[in-house]
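Engineer: Provided herewith: model-v1.pdb, PDB, C-alpha atoms.
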ATOM      1  CA  MET Q1364      52.556  26.644  66.577  1.00  0.00           C
ATOM      2  CA  LYS Q1365      50.373  25.402  69.429  1.00  0.00           C
ATOM      3  CA  ILE Q1366      50.420  27.533  72.584  1.00  0.00           C
ATOM      4  CA  THR Q1367      48.678  27.234  75.947  1.00  0.00           C
ATOM      5  CA  MET Q1368      47.992  30.440  77.881  1.00  0.00           C
ATOM      6  CA  ILE Q1369      47.307  29.813  81.587  1.00  0.00           C
ATOM      7  CA  GLY Q1370      45.260  32.734  82.869  1.00  0.00           C
ATOM      8  CA  THR Q1371      42.868  35.011  80.992  1.00  0.00           C
ATOM      9  CA  GLY Q1372      43.407  38.200  82.958  1.00  0.00           C
ATOM     10  CA  TYR Q1373      44.748  41.374  81.407  1.00  0.00           C
ATOM     11  CA  VAL Q1374      48.150  39.973  80.408  1.00  0.00           C
ATOM     12  CA  GLY Q1375      47.015  36.460  79.503  1.00  0.00           C
ATOM     13  CA  LEU Q1376      44.072  37.493  77.361  1.00  0.00           C
ATOM     14  CA  VAL Q1377      45.983  40.164  75.447  1.00  0.00           C
ATOM     15  CA  THR Q1378      49.006  37.899  74.960  1.00  0.00           C
ATOM     16  CA  GLY Q1379      46.989  34.860  73.902  1.00  0.00           C
ATOM     17  CA  THR Q1380      44.869  36.853  71.484  1.00  0.00           C
ATOM     18  CA  CYS Q1381      47.832  38.608  69.877  1.00  0.00           C
ATOM     19  CA  LEU Q1382      49.688  35.308  69.484  1.00  0.00           C
ATOM     20  CA  SER Q1383      46.659  33.825  67.732  1.00  0.00           C
ATOM     21  CA  GLU Q1384      46.484  36.880  65.465  1.00  0.00           C
ATOM     22  CA  VAL Q1385      49.775  35.883  63.811  1.00  0.00           C
ATOM     23  CA  GLY Q1386      48.614  32.329  63.124  1.00  0.00           C
ATOM     24  CA  ASN Q1387      49.249  30.324  66.298  1.00  0.00           C
ATOM     25  CA  ASP Q1388      46.725  27.831  67.693  1.00  0.00           C
ATOM     26  CA  VAL Q1389      46.144  29.222  71.207  1.00  0.00           C
ATOM     27  CA  LEU Q1390      44.181  27.577  74.008  1.00  0.00           C
ATOM     28  CA  CYS Q1391      43.499  29.892  76.966  1.00  0.00           C
ATOM     29  CA  LEU Q1392      42.902  28.248  80.343  1.00  0.00           C
ATOM     30  CA  ASP Q1393      41.243  29.780  83.395  1.00  0.00           C
ATOM     31  CA  VAL Q1394      39.781  28.238  86.546  1.00  0.00           C
ATOM     32  CA  ASP Q1395      37.078  30.937  86.624  1.00  0.00           C
ATOM     33  CA  ARG Q1396      34.213  29.273  84.749  1.00  0.00           C
ATOM     34  CA  ARG Q1397      32.207  32.488  84.573  1.00  0.00           C
ATOM     35  CA  LYS Q1398      35.036  34.215  82.737  1.00  0.00           C
ATOM     36  CA  ILE Q1399      35.460  31.327  80.297  1.00  0.00           C
ATOM     37  CA  ASP Q1400      31.702  31.140  79.714  1.00  0.00           C
ATOM     38  CA  MET Q1401      31.704  34.864  78.970  1.00  0.00           C
ATOM     39  CA  LEU Q1402      34.564  34.513  76.472  1.00  0.00           C
ATOM     40  CA  ASN Q1403      32.975  31.499  74.800  1.00  0.00           C
ATOM     41  CA  GLY Q1404      29.721  33.477  74.606  1.00  0.00           C
ATOM     42  CA  GLY Q1405      31.364  36.354  72.756  1.00  0.00           C
ATOM     43  CA  GLY Q1406      31.951  38.649  75.749  1.00  0.00           C
ATOM     44  CA  VAL Q1407      35.229  40.149  76.909  1.00  0.00           C
ATOM     45  CA  PRO Q1408      35.922  40.593  80.656  1.00  0.00           C
ATOM     46  CA  ILE Q1409      38.281  43.562  80.192  1.00  0.00           C
ATOM     47  CA  HIS Q1410      38.163  46.707  78.090  1.00  0.00           C
ATOM     48  CA  GLU Q1411      41.168  47.252  75.872  1.00  0.00           C
ATOM     49  CA  PRO Q1412      41.001  49.084  72.535  1.00  0.00           C
ATOM     50  CA  GLY Q1413      41.115  46.669  69.603  1.00  0.00           C
ATOM     51  CA  LEU Q1414      40.955  43.534  71.730  1.00  0.00           C
ATOM     52  CA  GLN Q1415      37.349  42.435  71.230  1.00  0.00           C
ATOM     53  CA  PRO Q1416      37.368  42.445  67.409  1.00  0.00           C
ATOM     54  CA  MET Q1417      40.698  40.618  67.451  1.00  0.00           C
ATOM     55  CA  ILE Q1418      39.238  37.950  69.761  1.00  0.00           C
ATOM     56  CA  GLU Q1419      36.169  37.585  67.560  1.00  0.00           C
ATOM     57  CA  ARG Q1420      38.286  37.312  64.420  1.00  0.00           C
ATOM     58  CA  ASN Q1421      40.566  34.610  65.786  1.00  0.00           C
ATOM     59  CA  VAL Q1422      37.799  32.600  67.449  1.00  0.00           C
ATOM     60  CA  ALA Q1423      35.956  32.570  64.115  1.00  0.00           C
ATOM     61  CA  ALA Q1424      39.147  31.447  62.374  1.00  0.00           C
ATOM     62  CA  GLY Q1425      39.560  28.573  64.842  1.00  0.00           C
ATOM     63  CA  ARG Q1426      42.884  29.827  66.201  1.00  0.00           C
ATOM     64  CA  LEU Q1427      41.728  30.972  69.661  1.00  0.00           C
ATOM     65  CA  HIS Q1428      39.924  28.807  72.212  1.00  0.00           C
ATOM     66  CA  PHE Q1429      38.948  29.071  75.892  1.00  0.00           C
ATOM     67  CA  THR Q1430      38.640  26.291  78.469  1.00  0.00           C
ATOM     68  CA  THR Q1431      38.586  25.365  82.164  1.00  0.00           C
ATOM     69  CA  ASP Q1432      39.949  21.873  81.401  1.00  0.00           C
ATOM     70  CA  VAL Q1433      43.474  21.688  82.862  1.00  0.00           C
ATOM     71  CA  ASP Q1434      44.147  18.279  81.281  1.00  0.00           C
ATOM     72  CA  ALA Q1435      43.307  19.606  77.828  1.00  0.00           C
ATOM     73  CA  ALA Q1436      45.371  22.749  78.358  1.00  0.00           C
ATOM     74  CA  VAL Q1437      48.538  20.897  79.370  1.00  0.00           C
ATOM     75  CA  ALA Q1438      48.119  18.370  76.557  1.00  0.00           C
ATOM     76  CA  HIS Q1439      47.459  21.081  73.959  1.00  0.00           C
ATOM     77  CA  ALA Q1440      50.988  22.422  73.548  1.00  0.00           C
ATOM     78  CA  SER Q1441      54.643  22.009  74.393  1.00  0.00           C
ATOM     79  CA  LEU Q1442      54.730  25.775  74.984  1.00  0.00           C
ATOM     80  CA  GLN Q1443      52.942  26.728  78.216  1.00  0.00           C
ATOM     81  CA  PHE Q1444      52.668  30.403  79.185  1.00  0.00           C
ATOM     82  CA  ILE Q1445      51.859  31.193  82.835  1.00  0.00           C
ATOM     83  CA  ALA Q1446      50.014  34.520  83.007  1.00  0.00           C
ATOM     84  CA  VAL Q1447      48.082  34.243  86.260  1.00  0.00           C
ATOM     85  CA  GLY Q1448      47.677  36.990  88.841  1.00  0.00           C
ATOM     86  CA  THR Q1449      50.220  37.654  91.584  1.00  0.00           C
ATOM     87  CA  PRO Q1450      48.374  40.095  93.879  1.00  0.00           C
ATOM     88  CA  PRO Q1451      50.024  41.319  97.096  1.00  0.00           C
ATOM     89  CA  ASP Q1452      49.501  39.008 100.057  1.00  0.00           C
ATOM     90  CA  ASP Q1453      48.853  40.127 103.657  1.00  0.00           C
ATOM     91  CA  GLU Q1454      52.506  41.102 104.057  1.00  0.00           C
ATOM     92  CA  GLY Q1455      52.696  42.969 100.761  1.00  0.00           C
ATOM     93  CA  SER Q1456      54.686  40.291  98.926  1.00  0.00           C
ATOM     94  CA  ALA Q1457      53.557  38.809  95.618  1.00  0.00           C
ATOM     95  CA  ASP Q1458      51.119  35.942  96.162  1.00  0.00           C
ATOM     96  CA  MET Q1459      52.704  33.085  94.247  1.00  0.00           C
ATOM     97  CA  ARG Q1460      50.042  30.464  94.874  1.00  0.00           C
ATOM     98  CA  HIS Q1461      48.529  30.614  91.402  1.00  0.00           C
ATOM     99  CA  VAL Q1462      51.901  30.587  89.626  1.00  0.00           C
ATOM    100  CA  LEU Q1463      53.110  27.562  91.569  1.00  0.00           C
ATOM    101  CA  GLN Q1464      49.761  25.807  91.149  1.00  0.00           C
ATOM    102  CA  ALA Q1465      50.096  26.241  87.392  1.00  0.00           C
ATOM    103  CA  ALA Q1466      53.579  24.721  87.606  1.00  0.00           C
ATOM    104  CA  ARG Q1467      52.224  21.803  89.642  1.00  0.00           C
ATOM    105  CA  ASP Q1468      49.446  21.243  87.127  1.00  0.00           C
ATOM    106  CA  ILE Q1469      51.983  21.056  84.313  1.00  0.00           C
ATOM    107  CA  GLY Q1470      54.325  18.733  86.218  1.00  0.00           C
ATOM    108  CA  ARG Q1471      51.488  16.372  87.135  1.00  0.00           C
ATOM    109  CA  ARG Q1472      50.244  16.032  83.550  1.00  0.00           C
ATOM    110  CA  MET Q1473      53.099  16.561  81.095  1.00  0.00           C
ATOM    111  CA  THR Q1474      54.016  13.582  78.935  1.00  0.00           C
ATOM    112  CA  GLY Q1475      56.795  15.123  76.888  1.00  0.00           C
ATOM    113  CA  TRP Q1476      59.068  18.137  76.466  1.00  0.00           C
ATOM    114  CA  LYS Q1477      57.646  21.463  77.666  1.00  0.00           C
ATOM    115  CA  VAL Q1478      58.769  25.076  77.659  1.00  0.00           C
ATOM    116  CA  VAL Q1479      57.147  26.851  80.616  1.00  0.00           C
ATOM    117  CA  VAL Q1480      57.135  30.618  80.205  1.00  0.00           C
ATOM    118  CA  ASP Q1481      56.668  32.919  83.202  1.00  0.00           C
ATOM    119  CA  LYS Q1482      54.673  35.881  81.869  1.00  0.00           C
ATOM    120  CA  SER Q1483      53.254  36.943  85.245  1.00  0.00           C
ATOM    121  CA  THR Q1484      54.918  39.715  87.221  1.00  0.00           C
ATOM    122  CA  VAL Q1485      56.948  37.687  89.702  1.00  0.00           C
ATOM    123  CA  PRO Q1486      59.815  38.148  92.188  1.00  0.00           C
ATOM    124  CA  VAL Q1487      63.394  37.401  91.211  1.00  0.00           C
ATOM    125  CA  GLY Q1488      64.007  33.701  91.641  1.00  0.00           C
ATOM    126  CA  THR Q1489      60.553  32.590  90.497  1.00  0.00           C
ATOM    127  CA  ALA Q1490      61.911  30.669  87.501  1.00  0.00           C
ATOM    128  CA  ASP Q1491      63.941  28.572  89.938  1.00  0.00           C
ATOM    129  CA  ARG Q1492      60.851  27.945  92.091  1.00  0.00           C
ATOM    130  CA  VAL Q1493      58.765  26.982  89.052  1.00  0.00           C
ATOM    131  CA  ARG Q1494      61.522  24.652  87.853  1.00  0.00           C
ATOM    132  CA  ALA Q1495      61.779  23.009  91.289  1.00  0.00           C
ATOM    133  CA  THR Q1496      58.000  22.618  91.545  1.00  0.00           C
ATOM    134  CA  ILE Q1497      57.734  20.879  88.182  1.00  0.00           C
ATOM    135  CA  ALA Q1498      60.710  18.660  89.029  1.00  0.00           C
ATOM    136  CA  GLU Q1499      59.066  17.652  92.324  1.00  0.00           C
ATOM    137  CA  GLU Q1500      55.857  16.653  90.540  1.00  0.00           C
ATOM    138  CA  LEU Q1501      57.781  14.660  87.950  1.00  0.00           C
ATOM    139  CA  ALA Q1502      59.752  12.916  90.692  1.00  0.00           C
ATOM    140  CA  ALA Q1503      56.516  12.021  92.498  1.00  0.00           C
ATOM    141  CA  ARG Q1504      55.338  10.369  89.269  1.00  0.00           C
ATOM    142  CA  ARG Q1505      58.751   8.745  88.708  1.00  0.00           C
ATOM    143  CA  ALA Q1506      58.705  10.444  85.332  1.00  0.00           C
ATOM    144  CA  ASP Q1507      61.673  11.975  83.538  1.00  0.00           C
ATOM    145  CA  TYR Q1508      60.463  14.362  80.866  1.00  0.00           C
ATOM    146  CA  PRO Q1509      62.689  17.242  79.772  1.00  0.00           C
ATOM    147  CA  PHE Q1510      61.503  20.816  80.266  1.00  0.00           C
ATOM    148  CA  ALA Q1511      62.778  24.382  80.379  1.00  0.00           C
ATOM    149  CA  VAL Q1512      61.573  27.429  82.297  1.00  0.00           C
ATOM    150  CA  VAL Q1513      61.773  30.865  80.693  1.00  0.00           C
ATOM    151  CA  SER Q1514      61.183  34.342  82.115  1.00  0.00           C
ATOM    152  CA  ASN Q1515      59.406  36.537  79.569  1.00  0.00           C
ATOM    153  CA  PRO Q1516      58.114  39.672  81.350  1.00  0.00           C
ATOM    154  CA  GLU Q1517      55.458  41.893  79.802  1.00  0.00           C
ATOM    155  CA  PHE Q1518      55.657  45.663  79.274  1.00  0.00           C
ATOM    156  CA  LEU Q1519      52.089  46.486  78.279  1.00  0.00           C
ATOM    157  CA  LYS Q1520      50.353  49.802  78.924  1.00  0.00           C
ATOM    158  CA  GLU Q1521      46.658  49.824  79.719  1.00  0.00           C
ATOM    159  CA  GLY Q1522      44.817  51.429  76.838  1.00  0.00           C
ATOM    160  CA  ALA Q1523      47.573  50.520  74.380  1.00  0.00           C
ATOM    161  CA  ALA Q1524      48.248  46.873  75.241  1.00  0.00           C
ATOM    162  CA  VAL Q1525      47.345  45.407  71.852  1.00  0.00           C
ATOM    163  CA  GLU Q1526      49.497  47.960  70.030  1.00  0.00           C
ATOM    164  CA  ASP Q1527      52.355  47.419  72.499  1.00  0.00           C
ATOM    165  CA  PHE Q1528      52.270  43.654  71.958  1.00  0.00           C
ATOM    166  CA  MET Q1529      51.952  43.771  68.185  1.00  0.00           C
ATOM    167  CA  ARG Q1530      54.723  46.385  67.867  1.00  0.00           C
ATOM    168  CA  PRO Q1531      57.015  45.855  70.873  1.00  0.00           C
ATOM    169  CA  ASP Q1532      60.001  48.069  71.617  1.00  0.00           C
ATOM    170  CA  ARG Q1533      61.781  45.090  73.233  1.00  0.00           C
ATOM    171  CA  ILE Q1534      61.152  41.432  74.003  1.00  0.00           C
ATOM    172  CA  VAL Q1535      63.002  40.117  77.047  1.00  0.00           C
ATOM    173  CA  ILE Q1536      63.750  36.392  77.206  1.00  0.00           C
ATOM    174  CA  GLY Q1537      65.429  35.009  80.310  1.00  0.00           C
ATOM    175  CA  ALA Q1538      66.678  31.469  79.713  1.00  0.00           C
ATOM    176  CA  ASP Q1539      69.770  29.285  79.454  1.00  0.00           C
ATOM    177  CA  ASP Q1540      68.256  26.482  77.378  1.00  0.00           C
ATOM    178  CA  ALA Q1541      69.145  26.788  73.684  1.00  0.00           C
ATOM    179  CA  ARG Q1542      66.062  24.914  72.484  1.00  0.00           C
ATOM    180  CA  ALA Q1543      63.739  27.070  74.600  1.00  0.00           C
ATOM    181  CA  ILE Q1544      65.416  30.264  73.377  1.00  0.00           C
ATOM    182  CA  ALA Q1545      65.016  29.124  69.754  1.00  0.00           C
ATOM    183  CA  THR Q1546      61.348  28.351  70.406  1.00  0.00           C
ATOM    184  CA  LEU Q1547      60.695  31.823  71.838  1.00  0.00           C
ATOM    185  CA  HIS Q1548      62.566  33.409  68.937  1.00  0.00           C
ATOM    186  CA  ALA Q1549      60.198  31.570  66.579  1.00  0.00           C
ATOM    187  CA  VAL Q1550      57.144  32.677  68.572  1.00  0.00           C
ATOM    188  CA  TYR Q1551      58.148  36.325  68.454  1.00  0.00           C
ATOM    189  CA  ALA Q1552      59.529  36.398  64.899  1.00  0.00           C
ATOM    190  CA  PRO Q1553      56.307  37.916  63.437  1.00  0.00           C
ATOM    191  CA  PHE Q1554      56.571  40.851  65.855  1.00  0.00           C
ATOM    192  CA  GLN Q1555      60.067  41.967  64.874  1.00  0.00           C
ATOM    193  CA  ARG Q1556      60.272  41.883  61.104  1.00  0.00           C
ATOM    194  CA  ASN Q1557      61.890  45.306  60.804  1.00  0.00           C
ATOM    195  CA  HIS Q1558      64.731  44.808  63.280  1.00  0.00           C
ATOM    196  CA  GLU Q1559      65.792  42.540  66.131  1.00  0.00           C
ATOM    197  CA  ARG Q1560      63.967  43.335  69.375  1.00  0.00           C
ATOM    198  CA  VAL Q1561      64.748  40.218  71.399  1.00  0.00           C
ATOM    199  CA  LEU Q1562      67.077  40.612  74.377  1.00  0.00           C
ATOM    200  CA  VAL Q1563      68.297  37.267  75.709  1.00  0.00           C
ATOM    201  CA  MET Q1564      69.648  37.074  79.240  1.00  0.00           C
ATOM    202  CA  ASP Q1565      69.534  34.786  82.260  1.00  0.00           C
ATOM    203  CA  ALA Q1566      66.177  34.293  84.003  1.00  0.00           C
ATOM    204  CA  ARG Q1567      67.014  36.296  87.132  1.00  0.00           C
ATOM    205  CA  SER Q1568      68.153  39.259  85.070  1.00  0.00           C
ATOM    206  CA  ALA Q1569      64.901  39.110  83.072  1.00  0.00           C
ATOM    207  CA  GLU Q1570      62.854  39.014  86.269  1.00  0.00           C
ATOM    208  CA  LEU Q1571      64.745  41.986  87.699  1.00  0.00           C
ATOM    209  CA  THR Q1572      64.339  43.883  84.416  1.00  0.00           C
ATOM    210  CA  LYS Q1573      60.560  43.943  84.939  1.00  0.00           C
ATOM    211  CA  TYR Q1574      60.880  45.364  88.448  1.00  0.00           C
ATOM    212  CA  ALA Q1575      63.533  47.858  87.377  1.00  0.00           C
ATOM    213  CA  ALA Q1576      61.301  49.102  84.542  1.00  0.00           C
ATOM    214  CA  ASN Q1577      58.315  49.491  86.882  1.00  0.00           C
ATOM    215  CA  ALA Q1578      60.441  51.319  89.464  1.00  0.00           C
ATOM    216  CA  MET Q1579      61.927  53.659  86.848  1.00  0.00           C
ATOM    217  CA  LEU Q1580      58.474  54.513  85.503  1.00  0.00           C
ATOM    218  CA  ALA Q1581      57.165  55.221  89.003  1.00  0.00           C
ATOM    219  CA  THR Q1582      60.205  57.404  89.690  1.00  0.00           C
ATOM    220  CA  ARG Q1583      59.641  59.461  86.538  1.00  0.00           C
ATOM    221  CA  ILE Q1584      55.984  59.989  87.312  1.00  0.00           C
ATOM    222  CA  SER Q1585      56.735  60.954  90.921  1.00  0.00           C
ATOM    223  CA  PHE Q1586      59.494  63.338  89.836  1.00  0.00           C
ATOM    224  CA  MET Q1587      57.314  65.154  87.296  1.00  0.00           C
ATOM    225  CA  ASN Q1588      54.478  65.407  89.827  1.00  0.00           C
ATOM    226  CA  GLU Q1589      56.860  67.068  92.285  1.00  0.00           C
ATOM    227  CA  ILE Q1590      58.112  69.467  89.601  1.00  0.00           C
ATOM    228  CA  ALA Q1591      54.480  70.309  88.735  1.00  0.00           C
ATOM    229  CA  ASN Q1592      53.758  71.100  92.397  1.00  0.00           C
ATOM    230  CA  LEU Q1593      56.866  73.263  92.546  1.00  0.00           C
ATOM    231  CA  ALA Q1594      55.864  75.060  89.349  1.00  0.00           C
ATOM    232  CA  ASP Q1595      52.476  75.911  90.879  1.00  0.00           C
ATOM    233  CA  ARG Q1596      54.132  77.411  93.956  1.00  0.00           C
ATOM    234  CA  LEU Q1597      56.637  79.412  91.934  1.00  0.00           C
ATOM    235  CA  GLY Q1598      54.221  80.578  89.255  1.00  0.00           C
ATOM    236  CA  ALA Q1599      55.994  78.651  86.492  1.00  0.00           C
ATOM    237  CA  ASP Q1600      54.385  76.933  83.481  1.00  0.00           C
ATOM    238  CA  ILE Q1601      54.875  73.176  83.861  1.00  0.00           C
ATOM    239  CA  GLU Q1602      54.185  72.539  80.170  1.00  0.00           C
ATOM    240  CA  ALA Q1603      56.979  74.948  79.243  1.00  0.00           C
ATOM    241  CA  VAL Q1604      59.240  73.163  81.706  1.00  0.00           C
ATOM    242  CA  ARG Q1605      58.363  69.820  80.092  1.00  0.00           C
ATOM    243  CA  ARG Q1606      59.307  71.172  76.678  1.00  0.00           C
ATOM    244  CA  GLY Q1607      62.550  72.537  78.058  1.00  0.00           C
ATOM    245  CA  ILE Q1608      63.494  69.216  79.593  1.00  0.00           C
ATOM    246  CA  GLY Q1609      62.366  67.301  76.540  1.00  0.00           C
ATOM    247  CA  SER Q1610      64.760  69.215  74.292  1.00  0.00           C
ATOM    248  CA  ASP Q1611      67.687  67.762  76.254  1.00  0.00           C
ATOM    249  CA  PRO Q1612      68.895  64.709  74.253  1.00  0.00           C
ATOM    250  CA  ARG Q1613      70.063  63.069  77.492  1.00  0.00           C
ATOM    251  CA  ILE Q1614      66.432  62.996  78.713  1.00  0.00           C
ATOM    252  CA  GLY Q1615      63.913  63.416  75.896  1.00  0.00           C
ATOM    253  CA  TYR Q1616      60.114  63.416  75.906  1.00  0.00           C
ATOM    254  CA  GLN Q1617      59.967  59.629  76.022  1.00  0.00           C
ATOM    255  CA  PHE Q1618      61.459  59.782  79.510  1.00  0.00           C
ATOM    256  CA  ILE Q1619      59.307  62.516  81.029  1.00  0.00           C
ATOM    257  CA  LEU Q1620      55.973  61.727  79.407  1.00  0.00           C
ATOM    258  CA  ALA Q1621      55.995  57.928  79.819  1.00  0.00           C
TER     259      ALA Q1621
END
Written as structure tokens, how would this file's structure read?

Structural biologist:
Amino acid sequence: MKITMIGTGYVGLVTGTCLSEVGNDVLCLDVDRRKIDMLNGGGVPIHEPGLQPMIERNVAAGRLHFTTDVDAAVAHASLQFIAVGTPPDDEGSADMRHVLQAARDIGRRMTGWKVVVDKSTVPVGTADRVRATIAEELAARRADYPFAVVSNPEFLKEGAAVEDFMRPDRIVIGADDARAIATLHAVYAPFQRNHERVLVMDARSAELTKYAANAMLATRISFMNEIANLADRLGADIEAVRRGIGSDPRIGYQFILA
């Protein structure tokens, strides 16, 4: 399957590389020429265990490519992943400029059916904004090509991102288009051979799932830090406390050591 990955940051580069590892033809797009030149020259702009040899292997096999050519990227595949950055803006909200620019680029150039997959961390309602942006560009061209927008949040841990992607504990797909859902099922089939890991829901629920997961993780970390501070003041052994909590089947080590 041909796949375009828009953005070669942490999420985009890991995702694109892992998708090429299972046989897909992946073209990674980035507007940062220095980053693309580095990747085409054999360098890797981020450090993640196992990533560099996987990139080298798939580039050599002709399954992984890097470009700054937007025209080529949109034309490459019917499946377009958006994995650009959404840093906080001056008011603390997610900066959606790059996501919406990617949507505009697709709408201005598409000549047939596309599945546009939001992989970036984005606010609830982004799938609707991406859909509206593409529709506006198509209307400006007086073009009427079918497309679907899917929310597919990532749950990668730094230092274990390749392992997390290759052996996911869940794959969240937010969509209401049957053809798009079937396409994403096909994309992720190699990563769930032992049992079904795909959770299909509406796009807004998928977007909220990402924020809920991040908030829950932050809550767990904050809670255990507070318990550790309390243990220091009371002369208790925090590691013993961890073991005691972890033996409770309602909690478990996976909840307190995440």

Engineer: Determine the residue set returned by the PyMOL selection byres ((chain Q and resi 1509) around 10) for the present structure, and present it as JSON, numbers by chain.

Structural biologist: {"Q": [1473, 1474, 1475, 1476, 1477, 1478, 1498, 1501, 1506, 1507, 1508, 1510, 1511]}

Engineer: Write out as a PyMOL selection string the residues lying within 10 Å of segment 1440-1449 of chain Q, counting only C-alpha atoms and excluding same-chain residues fewer than 5 positions away.

Structural biologist: chain Q and resi 1364-1376+1378-1379+1388-1393+1435+1456-1466+1469+1473-1486+1510-1517+1543+1546-1547+1550

Engineer: For the residues selected in the previous step, produce a file with C-alpha atoms as a PDB file, in the frame of the given file.

Structural biologist:
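Written output follows (part.pdb):
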ATOM      1  CA  MET Q1364      52.556  26.644  66.577  1.00  0.00           C
ATOM      2  CA  LYS Q1365      50.373  25.402  69.429  1.00  0.00           C
ATOM      3  CA  ILE Q1366      50.420  27.533  72.584  1.00  0.00           C
ATOM      4  CA  THR Q1367      48.678  27.234  75.947  1.00  0.00           C
ATOM      5  CA  MET Q1368      47.992  30.440  77.881  1.00  0.00           C
ATOM      6  CA  ILE Q1369      47.307  29.813  81.587  1.00  0.00           C
ATOM      7  CA  GLY Q1370      45.260  32.734  82.869  1.00  0.00           C
ATOM      8  CA  THR Q1371      42.868  35.011  80.992  1.00  0.00           C
ATOM      9  CA  GLY Q1372      43.407  38.200  82.958  1.00  0.00           C
ATOM     10  CA  TYR Q1373      44.748  41.374  81.407  1.00  0.00           C
ATOM     11  CA  VAL Q1374      48.150  39.973  80.408  1.00  0.00           C
ATOM     12  CA  GLY Q1375      47.015  36.460  79.503  1.00  0.00           C
ATOM     13  CA  LEU Q1376      44.072  37.493  77.361  1.00  0.00           C
ATOM     14  CA  THR Q1378      49.006  37.899  74.960  1.00  0.00           C
ATOM     15  CA  GLY Q1379      46.989  34.860  73.902  1.00  0.00           C
ATOM     16  CA  ASP Q1388      46.725  27.831  67.693  1.00  0.00           C
ATOM     17  CA  VAL Q1389      46.144  29.222  71.207  1.00  0.00           C
ATOM     18  CA  LEU Q1390      44.181  27.577  74.008  1.00  0.00           C
ATOM     19  CA  CYS Q1391      43.499  29.892  76.966  1.00  0.00           C
ATOM     20  CA  LEU Q1392      42.902  28.248  80.343  1.00  0.00           C
ATOM     21  CA  ASP Q1393      41.243  29.780  83.395  1.00  0.00           C
ATOM     22  CA  ALA Q1435      43.307  19.606  77.828  1.00  0.00           C
ATOM     23  CA  SER Q1456      54.686  40.291  98.926  1.00  0.00           C
ATOM     24  CA  ALA Q1457      53.557  38.809  95.618  1.00  0.00           C
ATOM     25  CA  ASP Q1458      51.119  35.942  96.162  1.00  0.00           C
ATOM     26  CA  MET Q1459      52.704  33.085  94.247  1.00  0.00           C
ATOM     27  CA  ARG Q1460      50.042  30.464  94.874  1.00  0.00           C
ATOM     28  CA  HIS Q1461      48.529  30.614  91.402  1.00  0.00           C
ATOM     29  CA  VAL Q1462      51.901  30.587  89.626  1.00  0.00           C
ATOM     30  CA  LEU Q1463      53.110  27.562  91.569  1.00  0.00           C
ATOM     31  CA  GLN Q1464      49.761  25.807  91.149  1.00  0.00           C
ATOM     32  CA  ALA Q1465      50.096  26.241  87.392  1.00  0.00           C
ATOM     33  CA  ALA Q1466      53.579  24.721  87.606  1.00  0.00           C
ATOM     34  CA  ILE Q1469      51.983  21.056  84.313  1.00  0.00           C
ATOM     35  CA  MET Q1473      53.099  16.561  81.095  1.00  0.00           C
ATOM     36  CA  THR Q1474      54.016  13.582  78.935  1.00  0.00           C
ATOM     37  CA  GLY Q1475      56.795  15.123  76.888  1.00  0.00           C
ATOM     38  CA  TRP Q1476      59.068  18.137  76.466  1.00  0.00           C
ATOM     39  CA  LYS Q1477      57.646  21.463  77.666  1.00  0.00           C
ATOM     40  CA  VAL Q1478      58.769  25.076  77.659  1.00  0.00           C
ATOM     41  CA  VAL Q1479      57.147  26.851  80.616  1.00  0.00           C
ATOM     42  CA  VAL Q1480      57.135  30.618  80.205  1.00  0.00           C
ATOM     43  CA  ASP Q1481      56.668  32.919  83.202  1.00  0.00           C
ATOM     44  CA  LYS Q1482      54.673  35.881  81.869  1.00  0.00           C
ATOM     45  CA  SER Q1483      53.254  36.943  85.245  1.00  0.00           C
ATOM     46  CA  THR Q1484      54.918  39.715  87.221  1.00  0.00           C
ATOM     47  CA  VAL Q1485      56.948  37.687  89.702  1.00  0.00           C
ATOM     48  CA  PRO Q1486      59.815  38.148  92.188  1.00  0.00           C
ATOM     49  CA  PHE Q1510      61.503  20.816  80.266  1.00  0.00           C
ATOM     50  CA  ALA Q1511      62.778  24.382  80.379  1.00  0.00           C
ATOM     51  CA  VAL Q1512      61.573  27.429  82.297  1.00  0.00           C
ATOM     52  CA  VAL Q1513      61.773  30.865  80.693  1.00  0.00           C
ATOM     53  CA  SER Q1514      61.183  34.342  82.115  1.00  0.00           C
ATOM     54  CA  ASN Q1515      59.406  36.537  79.569  1.00  0.00           C
ATOM     55  CA  PRO Q1516      58.114  39.672  81.350  1.00  0.00           C
ATOM     56  CA  GLU Q1517      55.458  41.893  79.802  1.00  0.00           C
ATOM     57  CA  ALA Q1543      63.739  27.070  74.600  1.00  0.00           C
ATOM     58  CA  THR Q1546      61.348  28.351  70.406  1.00  0.00           C
ATOM     59  CA  LEU Q1547      60.695  31.823  71.838  1.00  0.00           C
ATOM     60  CA  VAL Q1550      57.144  32.677  68.572  1.00  0.00           C
TER      61      VAL Q1550
END

Engineer: Once the PyMOL selection byres ((chain Q and resi 1396) around 12) has been evaluated on this model, what residues remain selected, and can you format them as a PyMOL selection string?

Structural biologist: chain Q and resi 1370-1371+1392-1395+1397-1404+1429-1432

Engineer: Let me make sure I understand: among Q:Arg1467, Q:Arg1567, Q:Arg1504, Q:Arg1420, which one has the smallest atom-to-atom distance to Asp1539 of chain Q if we use only C-alpha atoms?

Structural biologist: Q:Arg1567

Engineer: May I ask which of the residues Q:Leu1593, Q:Val1422, Q:Ile1584, Q:Ile1601 is the closest one to Gly1406 of chain Q, counting all atoms listed in the file?

Structural biologist: Q:Val1422

Engineer: If I wrap all listed atoms of segment 1592-1599 of chain Q in a box with edges along x, y and z and add 8 Å on each side, what are its centre and edge lengths in Å to one decimal, as JSON?

Structural biologist:
{"center_x": 54.7, "center_y": 75.8, "center_z": 90.2, "size_x": 20.4, "size_y": 25.5, "size_z": 23.5}

Engineer: Rank nothing, just name the residue among Q:Glu1454, Q:Asp1468, Q:Glu1419, Q:Glu1559 nearest to Val1433 of chain Q, using all atoms listed in the file.

Structural biologist: Q:Asp1468
